[in-house]
Amino acid sequence: MKVLCFQPHNDDCIIAIGGTMQKMAKKAWELTYVYITDGRHGSDVIPPEKLARIRRAEAREERSLLGIQHYVELGVEDGCIGKLRGRRLESVKQEIGSTLMVNKADLIFIPTRSDMHPDHRATHDLVVEVVEDMKLTALLVKYFIWLFPDFYRKLPDVAERVLMVGIDQEMTQKAAAIRLHQSQVSKGSFDSMVETLNAYLAYAFRAPASIGAGYVEIIGLSGSGHNARKTNELLRTLEPCADITEVFHGRPSQRIRAQLQG
Ligand SMILES: [Zn+2]
């Protein structure tokens with residue numbers, strides 16, 4: 001299977017789905033990273049041009065640790081994806097389109113639209129727009145980077161299936177890969193934050209009892225209805241893994257509605 005991982009900043013995918021990606025890589029799925037920005041503004045002390053070079057080197061180290069051979073850099077200035085206009089916007093859309101055309105991905109990973117970071121949301125919107133323009137039927141897989149998506153209100157993003165993926169076997173390597181983004185980890189202990197977040201999600205969704213996992217990542221599927229074969233292959237590859245769609249869309253939303261009415 002071929003997988004395109006669109007990420008606004010070059011540490012987003014490892015933070016959000018580092019365990020999920022390792023599982024796919026272990027099954028020899030062909031993963032390609034698409035870095036939308038060069039992350040030049042991700043520091044208060046390192047000048048932008050220098051930081052872009054440092055972050056490119058950090059990203060290379062992460063790819064080599066995880067065995068990810070392919071990548072595409074679009075070189076957009078971070079903080080500006082949603083502000084692109086005119087010819088620059090068209091050329092970025094064209095680059096996304098030609099990447100999709102050449103790669104012929106079975107799965108396309110993008111940040112959820114519910115993410116609060118403007119670059120993350122803009123990446124979602126941009127890729128979805130190009131995918132729809134090209135009438136592609138690939139399976140879209142949505143991930144969140146730090147903040148929990150607002151699935152309860154079903155706005156502004158909906159995933160028709162929400163999966164919880166156990167990553168106990170992959171957690172150590174995931175944290176090590178995050179630490180390779182030294183320029184970012186020196187600002188905040190993202191490796192420890194991610195370990196805590198993945199453990200929190202496991203307990204919040206009772207993963208220790210249901211799938212025997214102490215760390216989990218959560219992803220949302222869009223387009224699984226007409227991608228049954230790819231969805232089943234993904235479910236097999238991500239084991240241990242559980243469908244928690246009901247928890248997101250079912251019971252809690254009913255309870256919230258009842259509370260509002262009562
Ligand atoms: Zn980011």
# chains A, B, ... in the order shown; residues from 1 in each chain; ligands from 1
$ residues_near_ligand --ligand "ligand 1" --cutoff "12 Å" --atoms "only C-alpha atoms and all ligand atoms" --output "count of residues only"
41
$ closest_atom_pairs --of "stretch 156-206 of chain A" --to "stretch 220-229 of chain A" --cutoff "7 Å" --atoms "only C-alpha atoms" --output "CSV"
residue,atom,partner,partner_atom,distance
A:Ala159,CA,A:Gly220,CA,5.0
A:Glu160,CA,A:Ser222,CA,5.9
A:Arg161,CA,A:Leu221,CA,5.1
A:Val162,CA,A:Gly220,CA,4.4
A:Leu163,CA,A:Gly220,CA,6.2
$ closest_residue --among "A:Met1, A:Leu180, A:Met21, A:Cys241" --to "A:Arg60" --atoms "only C-alpha atoms"
A:Leu180
$ select_by_dssp --residues "stretch 100-148 of chain A" --states "strand (DSSP E or B)" --output "list in words"
Leu107, Ile108, Phe109, Ile110, Pro111, Leu139, Leu140, Val141, Lys142 and Tyr143 of chain A
$ write_last_selection --atoms "N, CA and C atoms" --output "mmCIF file, in the first residue's frame"
data_model
loop_
_atom_site.group_PDB
_atom_site.id
_atom_site.type_symbol
_atom_site.label_atom_id
_atom_site.label_comp_id
_atom_site.auth_asym_id
_atom_site.auth_seq_id
_atom_site.Cartn_x
_atom_site.Cartn_y
_atom_site.Cartn_z
ATOM 1 N N LEU A 107 -3.692 5.645 0.720
ATOM 2 C CA LEU A 107 -4.095 6.340 1.939
ATOM 3 C C LEU A 107 -3.456 7.718 1.961
ATOM 4 N N ILE A 108 -4.233 8.722 2.363
ATOM 5 C CA ILE A 108 -3.706 10.084 2.457
ATOM 6 C C ILE A 108 -3.934 10.583 3.881
ATOM 7 N N PHE A 109 -2.847 10.809 4.607
ATOM 8 C CA PHE A 109 -2.947 11.316 5.987
ATOM 9 C C PHE A 109 -2.906 12.839 5.968
ATOM 10 N N ILE A 110 -3.860 13.465 6.686
ATOM 11 C CA ILE A 110 -3.887 14.934 6.819
ATOM 12 C C ILE A 110 -4.308 15.293 8.252
ATOM 13 N N PRO A 111 -3.943 16.508 8.710
ATOM 14 C CA PRO A 111 -4.413 16.908 10.039
ATOM 15 C C PRO A 111 -5.926 17.087 10.014
ATOM 16 N N LEU A 139 -8.499 6.753 0.490
ATOM 17 C CA LEU A 139 -8.972 6.815 1.872
ATOM 18 C C LEU A 139 -8.254 7.958 2.586
ATOM 19 N N LEU A 140 -9.018 8.887 3.143
ATOM 20 C CA LEU A 140 -8.413 9.992 3.903
ATOM 21 C C LEU A 140 -8.338 9.596 5.376
ATOM 22 N N VAL A 141 -7.179 9.788 5.971
ATOM 23 C CA VAL A 141 -7.005 9.474 7.392
ATOM 24 C C VAL A 141 -6.613 10.760 8.107
ATOM 25 N N LYS A 142 -7.427 11.147 9.090
ATOM 26 C CA LYS A 142 -7.199 12.426 9.766
ATOM 27 C C LYS A 142 -6.571 12.207 11.144
ATOM 28 N N TYR A 143 -5.598 13.051 11.451
ATOM 29 C CA TYR A 143 -4.917 12.929 12.744
ATOM 30 C C TYR A 143 -4.917 14.281 13.438
#
$ closest_residue --among "A:Ile46, A:Val158, A:Leu89, A:Leu74" --to "A:Ser114" --atoms "only C-alpha atoms"
A:Val158
$ atom_distance --atom1 "atom CA of A:Arg87" --atom2 "atom CA of A:Glu129"
16.4 Å
$ atom_distance --atom1 "atom CA of A:Val45" --atom2 "atom CA of A:Glu58"
17.1 Å
$ residues_around --residues "A:Met24" --least-positions-apart "5" --cutoff "10 Å" --atoms "only C-alpha atoms" --output "mmCIF file with C-alpha atoms, in the first residue's frame"
data_model
loop_
_atom_site.group_PDB
_atom_site.id
_atom_site.type_symbol
_atom_site.label_atom_id
_atom_site.label_comp_id
_atom_site.auth_asym_id
_atom_site.auth_seq_id
_atom_site.Cartn_x
_atom_site.Cartn_y
_atom_site.Cartn_z
ATOM 1 C CA MET A 1 0.000 0.000 0.000
ATOM 2 C CA LYS A 2 1.145 3.529 -0.751
ATOM 3 C CA VAL A 3 0.730 6.234 1.866
ATOM 4 C CA GLY A 19 3.319 4.660 16.220
ATOM 5 C CA TRP A 29 4.034 -0.079 3.067
ATOM 6 C CA GLU A 30 5.588 2.738 1.050
ATOM 7 C CA LEU A 31 5.392 5.949 3.078
ATOM 8 C CA LEU A 234 -5.388 -0.764 7.536
ATOM 9 C CA THR A 237 -1.951 -3.569 10.023
ATOM 10 C CA LEU A 238 -2.688 -1.331 13.002
#
$ closest_residue --among "A:Glu217, A:Glu246, A:Asp191, A:Glu170" --to "A:Gln22" --atoms "only C-alpha atoms"
A:Glu170
$ atom_distance --atom1 "atom CA of A:Pro48" --atom2 "atom CA of A:His70"
24.9 Å
$ decode --residues "stretch 14-62 of chain A" --atoms "N, CA and C atoms" --output "PDB file, in the first residue's frame"
ATOM      1  N   ILE A  14       5.170  12.641  13.285  1.00  0.00           N
ATOM      2  CA  ILE A  14       5.766  11.775  14.315  1.00  0.00           C
ATOM      3  C   ILE A  14       5.063  12.000  15.662  1.00  0.00           C
ATOM      4  N   ILE A  15       4.695  13.249  15.947  1.00  0.00           N
ATOM      5  CA  ILE A  15       3.992  13.564  17.196  1.00  0.00           C
ATOM      6  C   ILE A  15       2.602  12.907  17.194  1.00  0.00           C
ATOM      7  N   ALA A  16       1.883  13.043  16.083  1.00  0.00           N
ATOM      8  CA  ALA A  16       0.492  12.584  16.051  1.00  0.00           C
ATOM      9  C   ALA A  16       0.366  11.085  15.801  1.00  0.00           C
ATOM     10  N   ILE A  17       1.140  10.562  14.848  1.00  0.00           N
ATOM     11  CA  ILE A  17       0.912   9.183  14.388  1.00  0.00           C
ATOM     12  C   ILE A  17       2.222   8.400  14.238  1.00  0.00           C
ATOM     13  N   GLY A  18       3.199   8.743  15.091  1.00  0.00           N
ATOM     14  CA  GLY A  18       4.505   8.067  15.003  1.00  0.00           C
ATOM     15  C   GLY A  18       4.409   6.564  15.164  1.00  0.00           C
ATOM     16  N   GLY A  19       3.485   6.110  16.025  1.00  0.00           N
ATOM     17  CA  GLY A  19       3.319   4.660  16.220  1.00  0.00           C
ATOM     18  C   GLY A  19       2.614   4.020  15.039  1.00  0.00           C
ATOM     19  N   THR A  20       1.570   4.681  14.572  1.00  0.00           N
ATOM     20  CA  THR A  20       0.801   4.204  13.417  1.00  0.00           C
ATOM     21  C   THR A  20       1.711   4.074  12.195  1.00  0.00           C
ATOM     22  N   MET A  21       2.561   5.073  11.979  1.00  0.00           N
ATOM     23  CA  MET A  21       3.466   5.031  10.820  1.00  0.00           C
ATOM     24  C   MET A  21       4.456   3.877  10.929  1.00  0.00           C
ATOM     25  N   GLN A  22       4.964   3.637  12.148  1.00  0.00           N
ATOM     26  CA  GLN A  22       5.902   2.519  12.321  1.00  0.00           C
ATOM     27  C   GLN A  22       5.243   1.197  11.965  1.00  0.00           C
ATOM     28  N   LYS A  23       3.981   1.027  12.336  1.00  0.00           N
ATOM     29  CA  LYS A  23       3.274  -0.217  12.021  1.00  0.00           C
ATOM     30  C   LYS A  23       3.155  -0.398  10.508  1.00  0.00           C
ATOM     31  N   MET A  24       2.846   0.669   9.794  1.00  0.00           N
ATOM     32  CA  MET A  24       2.721   0.579   8.336  1.00  0.00           C
ATOM     33  C   MET A  24       4.088   0.310   7.702  1.00  0.00           C
ATOM     34  N   ALA A  25       5.130   0.977   8.229  1.00  0.00           N
ATOM     35  CA  ALA A  25       6.482   0.785   7.677  1.00  0.00           C
ATOM     36  C   ALA A  25       6.951  -0.661   7.881  1.00  0.00           C
ATOM     37  N   LYS A  26       6.607  -1.236   9.045  1.00  0.00           N
ATOM     38  CA  LYS A  26       7.006  -2.628   9.330  1.00  0.00           C
ATOM     39  C   LYS A  26       6.403  -3.604   8.330  1.00  0.00           C
ATOM     40  N   LYS A  27       5.212  -3.276   7.806  1.00  0.00           N
ATOM     41  CA  LYS A  27       4.556  -4.130   6.811  1.00  0.00           C
ATOM     42  C   LYS A  27       5.001  -3.778   5.395  1.00  0.00           C
ATOM     43  N   ALA A  28       6.088  -3.008   5.303  1.00  0.00           N
ATOM     44  CA  ALA A  28       6.678  -2.612   4.012  1.00  0.00           C
ATOM     45  C   ALA A  28       5.731  -1.755   3.171  1.00  0.00           C
ATOM     46  N   TRP A  29       4.831  -1.051   3.811  1.00  0.00           N
ATOM     47  CA  TRP A  29       4.034  -0.079   3.067  1.00  0.00           C
ATOM     48  C   TRP A  29       4.971   1.072   2.686  1.00  0.00           C
ATOM     49  N   GLU A  30       4.709   1.676   1.536  1.00  0.00           N
ATOM     50  CA  GLU A  30       5.588   2.738   1.050  1.00  0.00           C
ATOM     51  C   GLU A  30       5.076   4.101   1.528  1.00  0.00           C
ATOM     52  N   LEU A  31       5.815   4.672   2.498  1.00  0.00           N
ATOM     53  CA  LEU A  31       5.392   5.949   3.078  1.00  0.00           C
ATOM     54  C   LEU A  31       6.149   7.115   2.446  1.00  0.00           C
ATOM     55  N   THR A  32       5.434   8.164   2.110  1.00  0.00           N
ATOM     56  CA  THR A  32       6.051   9.396   1.602  1.00  0.00           C
ATOM     57  C   THR A  32       5.579  10.566   2.456  1.00  0.00           C
ATOM     58  N   TYR A  33       6.550  11.335   2.956  1.00  0.00           N
ATOM     59  CA  TYR A  33       6.222  12.540   3.709  1.00  0.00           C
ATOM     60  C   TYR A  33       6.060  13.711   2.744  1.00  0.00           C
ATOM     61  N   VAL A  34       5.076  14.548   2.986  1.00  0.00           N
ATOM     62  CA  VAL A  34       4.995  15.819   2.259  1.00  0.00           C
ATOM     63  C   VAL A  34       5.048  16.933   3.297  1.00  0.00           C
ATOM     64  N   TYR A  35       6.175  17.650   3.316  1.00  0.00           N
ATOM     65  CA  TYR A  35       6.338  18.765   4.252  1.00  0.00           C
ATOM     66  C   TYR A  35       5.820  20.034   3.580  1.00  0.00           C
ATOM     67  N   ILE A  36       4.789  20.636   4.144  1.00  0.00           N
ATOM     68  CA  ILE A  36       4.235  21.841   3.517  1.00  0.00           C
ATOM     69  C   ILE A  36       5.136  23.061   3.785  1.00  0.00           C
ATOM     70  N   THR A  37       5.545  23.244   5.041  1.00  0.00           N
ATOM     71  CA  THR A  37       6.400  24.411   5.345  1.00  0.00           C
ATOM     72  C   THR A  37       7.824  23.951   5.670  1.00  0.00           C
ATOM     73  N   ASP A  38       8.745  24.935   5.742  1.00  0.00           N
ATOM     74  CA  ASP A  38      10.113  24.610   6.145  1.00  0.00           C
ATOM     75  C   ASP A  38      10.344  24.906   7.626  1.00  0.00           C
ATOM     76  N   GLY A  39       9.305  25.379   8.327  1.00  0.00           N
ATOM     77  CA  GLY A  39       9.394  25.553   9.785  1.00  0.00           C
ATOM     78  C   GLY A  39      10.366  26.619  10.240  1.00  0.00           C
ATOM     79  N   ARG A  40      10.655  27.592   9.379  1.00  0.00           N
ATOM     80  CA  ARG A  40      11.715  28.569   9.683  1.00  0.00           C
ATOM     81  C   ARG A  40      11.412  29.460  10.897  1.00  0.00           C
ATOM     82  N   HIS A  41      10.118  29.571  11.254  1.00  0.00           N
ATOM     83  CA  HIS A  41       9.776  30.462  12.379  1.00  0.00           C
ATOM     84  C   HIS A  41       9.572  29.706  13.697  1.00  0.00           C
ATOM     85  N   GLY A  42      10.029  28.464  13.742  1.00  0.00           N
ATOM     86  CA  GLY A  42       9.782  27.640  14.925  1.00  0.00           C
ATOM     87  C   GLY A  42      10.766  27.841  16.060  1.00  0.00           C
ATOM     88  N   SER A  43      11.358  29.023  16.174  1.00  0.00           N
ATOM     89  CA  SER A  43      12.286  29.288  17.282  1.00  0.00           C
ATOM     90  C   SER A  43      12.299  30.772  17.598  1.00  0.00           C
ATOM     91  N   ASP A  44      12.535  31.096  18.884  1.00  0.00           N
ATOM     92  CA  ASP A  44      12.647  32.507  19.267  1.00  0.00           C
ATOM     93  C   ASP A  44      14.093  32.979  19.192  1.00  0.00           C
ATOM     94  N   VAL A  45      15.025  32.045  19.077  1.00  0.00           N
ATOM     95  CA  VAL A  45      16.436  32.440  19.147  1.00  0.00           C
ATOM     96  C   VAL A  45      17.227  32.163  17.861  1.00  0.00           C
ATOM     97  N   ILE A  46      16.811  31.171  17.072  1.00  0.00           N
ATOM     98  CA  ILE A  46      17.585  30.837  15.867  1.00  0.00           C
ATOM     99  C   ILE A  46      17.006  31.597  14.669  1.00  0.00           C
ATOM    100  N   PRO A  47      17.857  32.294  13.887  1.00  0.00           N
ATOM    101  CA  PRO A  47      17.348  33.047  12.736  1.00  0.00           C
ATOM    102  C   PRO A  47      16.657  32.118  11.719  1.00  0.00           C
ATOM    103  N   PRO A  48      15.600  32.611  11.046  1.00  0.00           N
ATOM    104  CA  PRO A  48      14.764  31.773  10.177  1.00  0.00           C
ATOM    105  C   PRO A  48      15.526  30.903   9.162  1.00  0.00           C
ATOM    106  N   GLU A  49      16.452  31.502   8.412  1.00  0.00           N
ATOM    107  CA  GLU A  49      17.140  30.711   7.368  1.00  0.00           C
ATOM    108  C   GLU A  49      17.956  29.564   7.974  1.00  0.00           C
ATOM    109  N   LYS A  50      18.625  29.885   9.074  1.00  0.00           N
ATOM    110  CA  LYS A  50      19.442  28.878   9.755  1.00  0.00           C
ATOM    111  C   LYS A  50      18.536  27.772  10.302  1.00  0.00           C
ATOM    112  N   LEU A  51      17.391  28.182  10.889  1.00  0.00           N
ATOM    113  CA  LEU A  51      16.486  27.186  11.472  1.00  0.00           C
ATOM    114  C   LEU A  51      15.922  26.252  10.394  1.00  0.00           C
ATOM    115  N   ALA A  52      15.610  26.810   9.227  1.00  0.00           N
ATOM    116  CA  ALA A  52      15.083  25.968   8.146  1.00  0.00           C
ATOM    117  C   ALA A  52      16.097  24.871   7.802  1.00  0.00           C
ATOM    118  N   ARG A  53      17.405  25.238   7.764  1.00  0.00           N
ATOM    119  CA  ARG A  53      18.454  24.243   7.462  1.00  0.00           C
ATOM    120  C   ARG A  53      18.543  23.196   8.570  1.00  0.00           C
ATOM    121  N   ILE A  54      18.507  23.675   9.826  1.00  0.00           N
ATOM    122  CA  ILE A  54      18.595  22.757  10.974  1.00  0.00           C
ATOM    123  C   ILE A  54      17.412  21.778  10.951  1.00  0.00           C
ATOM    124  N   ARG A  55      16.211  22.313  10.686  1.00  0.00           N
ATOM    125  CA  ARG A  55      15.018  21.459  10.738  1.00  0.00           C
ATOM    126  C   ARG A  55      15.006  20.449   9.591  1.00  0.00           C
ATOM    127  N   ARG A  56      15.589  20.844   8.451  1.00  0.00           N
ATOM    128  CA  ARG A  56      15.686  19.888   7.339  1.00  0.00           C
ATOM    129  C   ARG A  56      16.584  18.709   7.735  1.00  0.00           C
ATOM    130  N   ALA A  57      17.685  19.028   8.432  1.00  0.00           N
ATOM    131  CA  ALA A  57      18.608  17.973   8.865  1.00  0.00           C
ATOM    132  C   ALA A  57      17.946  17.074   9.923  1.00  0.00           C
ATOM    133  N   GLU A  58      17.204  17.689  10.838  1.00  0.00           N
ATOM    134  CA  GLU A  58      16.500  16.914  11.873  1.00  0.00           C
ATOM    135  C   GLU A  58      15.474  15.972  11.228  1.00  0.00           C
ATOM    136  N   ALA A  59      14.764  16.488  10.221  1.00  0.00           N
ATOM    137  CA  ALA A  59      13.754  15.678   9.532  1.00  0.00           C
ATOM    138  C   ALA A  59      14.414  14.492   8.824  1.00  0.00           C
ATOM    139  N   ARG A  60      15.609  14.734   8.244  1.00  0.00           N
ATOM    140  CA  ARG A  60      16.332  13.655   7.552  1.00  0.00           C
ATOM    141  C   ARG A  60      16.682  12.532   8.543  1.00  0.00           C
ATOM    142  N   GLU A  61      17.149  12.941   9.732  1.00  0.00           N
ATOM    143  CA  GLU A  61      17.496  11.940  10.759  1.00  0.00           C
ATOM    144  C   GLU A  61      16.264  11.124  11.157  1.00  0.00           C
ATOM    145  N   GLU A  62      15.133  11.805  11.296  1.00  0.00           N
ATOM    146  CA  GLU A  62      13.905  11.080  11.670  1.00  0.00           C
ATOM    147  C   GLU A  62      13.523  10.086  10.582  1.00  0.00           C
TER     148      GLU A  62
END
